[in-house]
$ cat work20.cif   # mmCIF, C-alpha atoms and all ligand atoms
data_start
#
loop_
_atom_site.label_atom_id
_atom_site.label_comp_id
_atom_site.auth_asym_id
_atom_site.auth_seq_id
_atom_site.Cartn_x
_atom_site.Cartn_y
_atom_site.Cartn_z
CA MET A 1 111.58 115.49 108.79
CA LEU A 2 109.14 117.83 110.46
CA ASN A 3 107.58 120.76 108.69
CA ALA A 4 107.10 124.12 110.31
CA PHE A 5 104.12 124.35 112.63
CA ASP A 6 103.16 120.75 112.11
CA LYS A 7 101.34 120.73 115.42
CA PRO A 8 97.68 121.71 115.41
CA ASP A 9 96.36 124.13 118.01
CA ASN A 10 95.24 122.07 120.95
CA SER A 11 95.02 124.21 124.04
CA ALA A 12 93.26 121.53 126.07
CA ALA A 13 96.33 119.32 125.81
CA ASP A 14 98.65 121.96 127.22
CA THR A 15 99.73 121.67 130.80
CA ALA A 16 98.42 124.05 133.42
CA SER A 17 101.97 125.29 133.95
CA SER A 18 101.97 127.19 130.66
CA LYS A 19 100.06 130.21 131.88
CA PRO A 20 101.08 132.94 129.42
CA ALA A 21 102.55 136.36 130.15
CA ALA A 22 99.73 138.69 131.26
CA ASP A 23 100.69 141.99 129.67
CA GLY A 24 103.23 142.17 126.84
CA LEU A 25 104.13 139.39 124.43
CA PHE A 26 106.70 136.85 125.59
CA ILE A 27 108.50 134.82 122.90
CA THR A 28 111.31 132.31 123.37
CA PHE A 29 113.55 130.41 120.94
CA GLU A 30 114.86 126.91 121.58
CA GLY A 31 116.83 124.20 119.82
CA THR A 32 120.05 122.22 119.78
CA GLU A 33 123.42 123.61 118.63
CA GLY A 34 123.78 125.12 115.15
CA VAL A 35 120.05 125.42 114.33
CA GLY A 36 120.20 129.17 113.57
CA LYS A 37 118.42 130.50 116.67
CA SER A 38 120.46 133.67 116.98
CA THR A 39 119.86 134.57 113.32
CA GLN A 40 116.10 134.13 113.76
CA VAL A 41 116.09 136.10 117.02
CA LYS A 42 117.80 138.99 115.26
CA LEU A 43 115.53 138.86 112.20
CA LEU A 44 112.40 138.78 114.36
CA THR A 45 113.63 141.66 116.53
CA ASP A 46 114.29 143.77 113.40
CA ASN A 47 110.97 142.82 111.79
CA LEU A 48 108.92 143.69 114.87
CA ARG A 49 110.76 146.97 115.41
CA HIS A 50 110.07 147.91 111.78
CA ARG A 51 106.41 147.38 112.58
CA GLY A 52 106.73 149.88 115.43
CA LEU A 53 106.60 147.41 118.31
CA PRO A 54 108.81 147.97 121.38
CA VAL A 55 111.05 144.91 121.61
CA VAL A 56 113.47 143.77 124.31
CA THR A 57 115.80 140.99 123.18
CA THR A 58 117.95 138.99 125.55
CA ARG A 59 119.51 135.57 126.02
CA GLU A 60 120.06 132.75 128.47
CA PRO A 61 122.25 131.97 130.20
CA GLY A 62 123.03 135.67 130.47
CA GLY A 63 121.11 138.87 129.83
CA THR A 64 121.99 140.54 133.16
CA PRO A 65 125.40 141.45 134.63
CA LEU A 66 125.17 138.44 136.99
CA GLY A 67 123.84 136.17 134.25
CA GLU A 68 126.63 137.08 131.85
CA GLU A 69 129.26 136.31 134.52
CA LEU A 70 127.63 132.94 135.14
CA ARG A 71 127.43 132.33 131.36
CA GLY A 72 131.21 132.58 131.14
CA LEU A 73 131.61 130.03 133.94
CA LEU A 74 128.99 127.70 132.47
CA LYS A 75 130.30 127.65 128.91
CA ARG A 76 134.07 127.63 129.25
CA PRO A 77 135.59 124.22 128.53
CA SER A 78 137.92 124.09 131.56
CA SER A 79 137.78 120.65 133.12
CA ARG A 80 138.88 121.94 136.54
CA ALA A 81 136.14 124.54 136.95
CA ALA A 82 133.34 122.69 135.14
CA PRO A 83 130.17 122.50 137.27
CA CYS A 84 128.72 119.06 138.05
CA PRO A 85 125.19 118.53 136.61
CA PRO A 86 123.26 119.65 139.74
CA ALA A 87 125.45 122.76 140.04
CA GLU A 88 124.94 123.44 136.33
CA LEU A 89 121.16 123.22 136.82
CA LEU A 90 121.18 125.63 139.76
CA MET A 91 123.42 128.09 137.92
CA MET A 92 120.98 128.10 134.97
CA ALA A 93 118.13 128.69 137.44
CA ALA A 94 120.06 131.52 139.10
CA CYS A 95 120.54 133.23 135.72
CA ARG A 96 116.80 132.91 135.04
CA ALA A 97 115.69 134.22 138.43
CA GLN A 98 117.85 137.31 137.88
CA LEU A 99 116.68 137.80 134.29
CA MET A 100 113.03 137.58 135.33
CA ARG A 101 113.42 140.32 137.95
CA GLU A 102 115.73 142.63 136.04
CA VAL A 103 114.54 142.30 132.45
CA VAL A 104 111.56 140.10 131.59
CA ARG A 105 108.89 141.09 134.12
CA PRO A 106 109.58 144.85 133.97
CA ALA A 107 109.39 144.79 130.14
CA LEU A 108 106.18 142.74 130.07
CA GLN A 109 104.62 145.10 132.60
CA LYS A 110 105.36 147.93 130.16
CA ARG A 111 103.53 145.88 127.50
CA GLN A 112 106.70 145.33 125.49
CA VAL A 113 107.58 142.31 123.36
CA VAL A 114 110.25 140.21 125.08
CA ILE A 115 112.31 137.80 122.97
CA VAL A 116 114.66 135.38 124.74
CA ASP A 117 117.26 133.23 123.00
CA ARG A 118 116.79 130.02 125.09
CA PHE A 119 114.67 129.76 128.22
CA LEU A 120 113.04 127.20 130.51
CA ASP A 121 112.77 124.44 127.88
CA SER A 122 116.56 124.46 127.46
CA THR A 123 116.89 123.59 131.14
CA THR A 124 114.40 120.74 130.86
CA ALA A 125 115.99 119.48 127.64
CA TYR A 126 119.71 119.87 128.55
CA GLN A 127 119.80 119.30 132.31
CA GLY A 128 116.72 117.03 132.43
CA TYR A 129 116.74 114.89 129.28
CA GLY A 130 120.44 115.43 128.45
CA ARG A 131 122.09 115.13 131.88
CA GLY A 132 119.37 112.89 133.33
CA LEU A 133 118.42 115.11 136.29
CA ASP A 134 114.99 114.71 137.90
CA LEU A 135 112.31 116.19 135.61
CA GLU A 136 109.85 116.77 138.44
CA PHE A 137 112.41 118.74 140.43
CA ILE A 138 113.21 120.81 137.34
CA GLN A 139 109.50 121.58 136.97
CA GLN A 140 109.41 122.77 140.59
CA LEU A 141 112.45 124.91 139.94
CA HIS A 142 110.64 126.50 136.97
CA ASN A 143 107.67 127.26 139.23
CA PHE A 144 110.04 128.88 141.72
CA THR A 145 112.01 131.01 139.24
CA LEU A 146 109.15 131.97 136.91
CA GLU A 147 106.25 132.23 139.34
CA ASN A 148 103.32 132.78 136.96
CA THR A 149 105.17 134.28 134.02
CA ARG A 150 105.45 131.88 131.08
CA PRO A 151 106.18 132.42 127.40
CA ASP A 152 103.19 132.98 125.13
CA LEU A 153 105.02 131.40 122.23
CA THR A 154 108.13 129.25 121.86
CA PHE A 155 109.80 128.40 118.57
CA LEU A 156 111.64 125.10 118.60
CA LEU A 157 114.05 125.17 115.67
CA ASP A 158 114.52 121.52 114.88
CA LEU A 159 117.41 120.10 112.88
CA ASP A 160 119.26 116.83 112.46
CA ILE A 161 122.12 116.75 115.02
CA ALA A 162 124.78 115.93 112.42
CA ILE A 163 123.84 118.98 110.32
CA GLY A 164 123.72 121.28 113.37
CA THR A 165 127.10 120.08 114.61
CA GLN A 166 128.59 120.60 111.16
CA ARG A 167 127.20 124.15 111.05
CA SER A 168 128.62 124.94 114.52
CA ARG A 169 132.03 123.54 113.53
CA GLU A 170 132.13 125.58 110.34
CA ARG A 171 131.19 128.68 112.32
CA GLY A 172 134.04 127.94 114.77
CA GLY A 173 136.60 127.30 112.02
CA ASN A 174 136.58 123.50 112.66
CA THR A 175 138.68 123.88 115.82
CA LEU A 176 137.80 122.46 119.25
CA SER A 177 135.03 124.72 120.48
CA GLU A 178 135.40 127.33 123.20
CA ASP A 179 131.98 126.14 124.38
CA ARG A 180 131.75 123.26 126.87
CA PHE A 181 128.30 122.26 125.52
CA ASP A 182 129.48 122.16 121.88
CA ASN A 183 132.12 119.63 122.91
CA GLU A 184 129.57 117.13 124.29
CA GLU A 185 129.16 113.80 122.47
CA ASP A 186 126.49 113.41 119.76
CA ILE A 187 124.52 111.08 122.04
CA PHE A 188 124.04 113.95 124.51
CA HIS A 189 122.76 116.26 121.77
CA ARG A 190 120.40 113.55 120.52
CA LYS A 191 118.90 113.17 124.00
CA VAL A 192 118.47 116.95 124.17
CA ARG A 193 116.75 117.05 120.77
CA ASN A 194 114.37 114.24 121.76
CA GLY A 195 113.70 116.10 125.00
CA PHE A 196 112.72 119.25 123.12
CA LEU A 197 110.44 117.25 120.82
CA THR A 198 108.78 115.60 123.82
CA LEU A 199 108.14 119.02 125.36
CA ALA A 200 106.64 120.25 122.07
CA ARG A 201 104.27 117.28 122.06
CA GLN A 202 103.24 118.08 125.64
CA GLU A 203 102.55 121.78 124.96
CA PRO A 204 101.57 122.06 121.30
CA GLN A 205 99.83 125.37 121.67
CA ARG A 206 102.88 127.15 123.10
CA ILE A 207 105.76 125.31 121.42
CA LYS A 208 105.81 125.49 117.62
CA ILE A 209 108.25 123.19 115.85
CA VAL A 210 109.99 124.84 112.91
CA ASP A 211 112.00 122.96 110.30
CA ALA A 212 115.40 124.62 110.67
CA SER A 213 116.72 123.06 107.45
CA LEU A 214 114.68 125.61 105.47
CA ALA A 215 116.34 128.81 104.24
CA PRO A 216 116.62 131.45 107.02
CA GLU A 217 114.18 133.79 105.20
CA GLU A 218 111.59 131.02 104.92
CA VAL A 219 111.98 130.16 108.61
CA GLN A 220 111.55 133.83 109.50
CA GLU A 221 108.41 134.15 107.38
CA LEU A 222 106.78 131.27 109.24
CA ILE A 223 107.83 132.67 112.60
CA LEU A 224 106.62 136.17 111.85
CA GLU A 225 103.23 134.89 110.66
CA GLN A 226 102.72 133.04 113.94
CA VAL A 227 103.92 135.99 116.05
CA ILE A 228 101.53 138.39 114.35
CA LYS A 229 98.65 135.94 114.88
CA THR A 230 99.43 135.55 118.59
CA HIS A 231 99.96 139.29 119.01
CA LYS A 232 96.51 139.99 117.52
CA GLN A 233 94.92 137.38 119.79
CA LYS A 234 96.43 139.10 122.83
CA GLN A 235 95.14 142.56 121.99
CA PRO A 236 92.22 143.66 124.15
CA ALA A 237 88.94 143.53 122.17
P1 LIG A 301 124.13 129.32 123.25
O1 LIG A 301 123.81 130.67 123.76
O2 LIG A 301 125.20 129.28 122.27
O3 LIG A 301 122.91 128.60 122.83
O4 LIG A 301 124.78 128.55 124.48
C1 LIG A 301 124.14 128.30 125.63
C2 LIG A 301 124.44 126.88 126.03
O5 LIG A 301 123.87 126.65 127.32
C3 LIG A 301 123.79 125.87 125.09
O6 LIG A 301 124.71 124.86 124.80
C4 LIG A 301 122.66 125.28 125.89
C5 LIG A 301 123.06 125.49 127.31
N1 LIG A 301 121.93 125.70 128.22
C6 LIG A 301 121.61 124.71 129.13
O7 LIG A 301 122.26 123.68 129.17
N2 LIG A 301 120.56 124.93 129.98
C7 LIG A 301 119.83 126.08 129.99
O8 LIG A 301 118.91 126.23 130.79
C8 LIG A 301 120.19 127.11 129.03
C9 LIG A 301 119.42 128.39 129.01
C10 LIG A 301 121.24 126.88 128.17
#
$ encode --input "work20.cif" --output "structure tokens"
Amino acid sequence: MLNAFDKPDNSAADTASSKPAADGLFITFEGTEGVGKSTQVKLLTDNLRHRGLPVVTTREPGGTPLGEELRGLLKRPSSRAAPCPPAELLMMAACRAQLMREVVRPALQKRQVVIVDRFLDSTTAYQGYGRGLDLEFIQQLHNFTLENTRPDLTFLLDLDIAIGTQRSRERGGNTLSEDRFDNEEDIFHRKVRNGFLTLARQEPQRIKIVDASLAPEEVQELILEQVIKTHKQKQPA
């Protein structure tokens, strides 16, 4: 099992596409189901606000009126209205395009900290590695929706699929989930997890793998330490 931050800094290995946010600090959280992302997003938001930093927290799909409408359509488990994989990809991209214009870019321009629960890597992992859609096309779509704005830091909360699924089921009272993605087979979630880990290997400076089997407070401590380090590095000399 991986330990937190097991990847050394290696900026030269990162792809040219990971040009960080110019002004504020842009942080994203990623991972498969039941890894505790939302808990960590909340803890980090509270911790940074206590330190006096202006923080905007949002999520994907969602975060704007249009995005939240699309989220409902994307997640509901109706077989009749379920989007096919290419439609699912474009709906995720539509949510992101809207979020960038309405929330992320304006906040970064005001030098705020932006925290997003899921972002571009979820699209590559779920629609690319999970659904098998063309990875190069997905990359082009990222270039189109994000232009030059990329996260400074991404936390990949990594956990065994069986444990994550169990956690999600317990949270949902062990009934069939109201979430179309939760109801996917384990094999799909395994592909997604491997996809995330591949992305982390490709961009070790941006994507930090965190062992999500640790206690939530321990996970938060590791995350906060890294955020403070990156925040200091971004301050003008
Ligand atoms: P969550 O907010 O509970 O994580 O649910 C969002 C679901 O949407 C989750 O199962 C992952 C999925 N998703 C994608 O498939 N592609 C994406 O680009 C994003 C942002 C989320």
$ closest_residue --input "work20.cif" --among "A:Leu48, A:Ile223, A:Val104, A:Leu90" --to "ligand LIG 301 (chain A)" --atoms "all atoms listed in the file"
A:Leu90
$ residues_near_ligand --input "work20.cif" --ligand "ligand LIG 301 (chain A)" --cutoff "9 Å" --atoms "all atoms listed in the file" --output "JSON, numbers by chain"
{"A": [30, 31, 32, 33, 34, 37, 38, 59, 60, 61, 62, 71, 74, 75, 88, 89, 91, 92, 93, 95, 96, 117, 118, 119, 120, 121, 122, 123, 124, 125, 126, 127, 130, 131, 179, 180, 181, 182]}
$ atom_distance --input "work20.cif" --atom1 "CA of Arg80 (chain A)" --atom2 "CA of Glu185 (chain A)"
18.9 Å
$ closest_residue --input "work20.cif" --among "A:Ala81, A:Ala97, A:Ala237, A:Ile163" --to "Phe144 (chain A)" --atoms "only C-alpha atoms"
A:Ala97
$ atom_distance --input "work20.cif" --atom1 "CA of Asp152 (chain A)" --atom2 "CA of Leu25 (chain A)"
6.5 Å
$ atom_distance --input "work20.cif" --atom1 "CA of Leu197 (chain A)" --atom2 "CA of Lys42 (chain A)"
23.6 Å
$ closest_residue --input "work20.cif" --among "A:Asp186, A:Val113, A:Asp23, A:Ala82" --to "Gly52 (chain A)" --atoms "all atoms listed in the file"
A:Val113
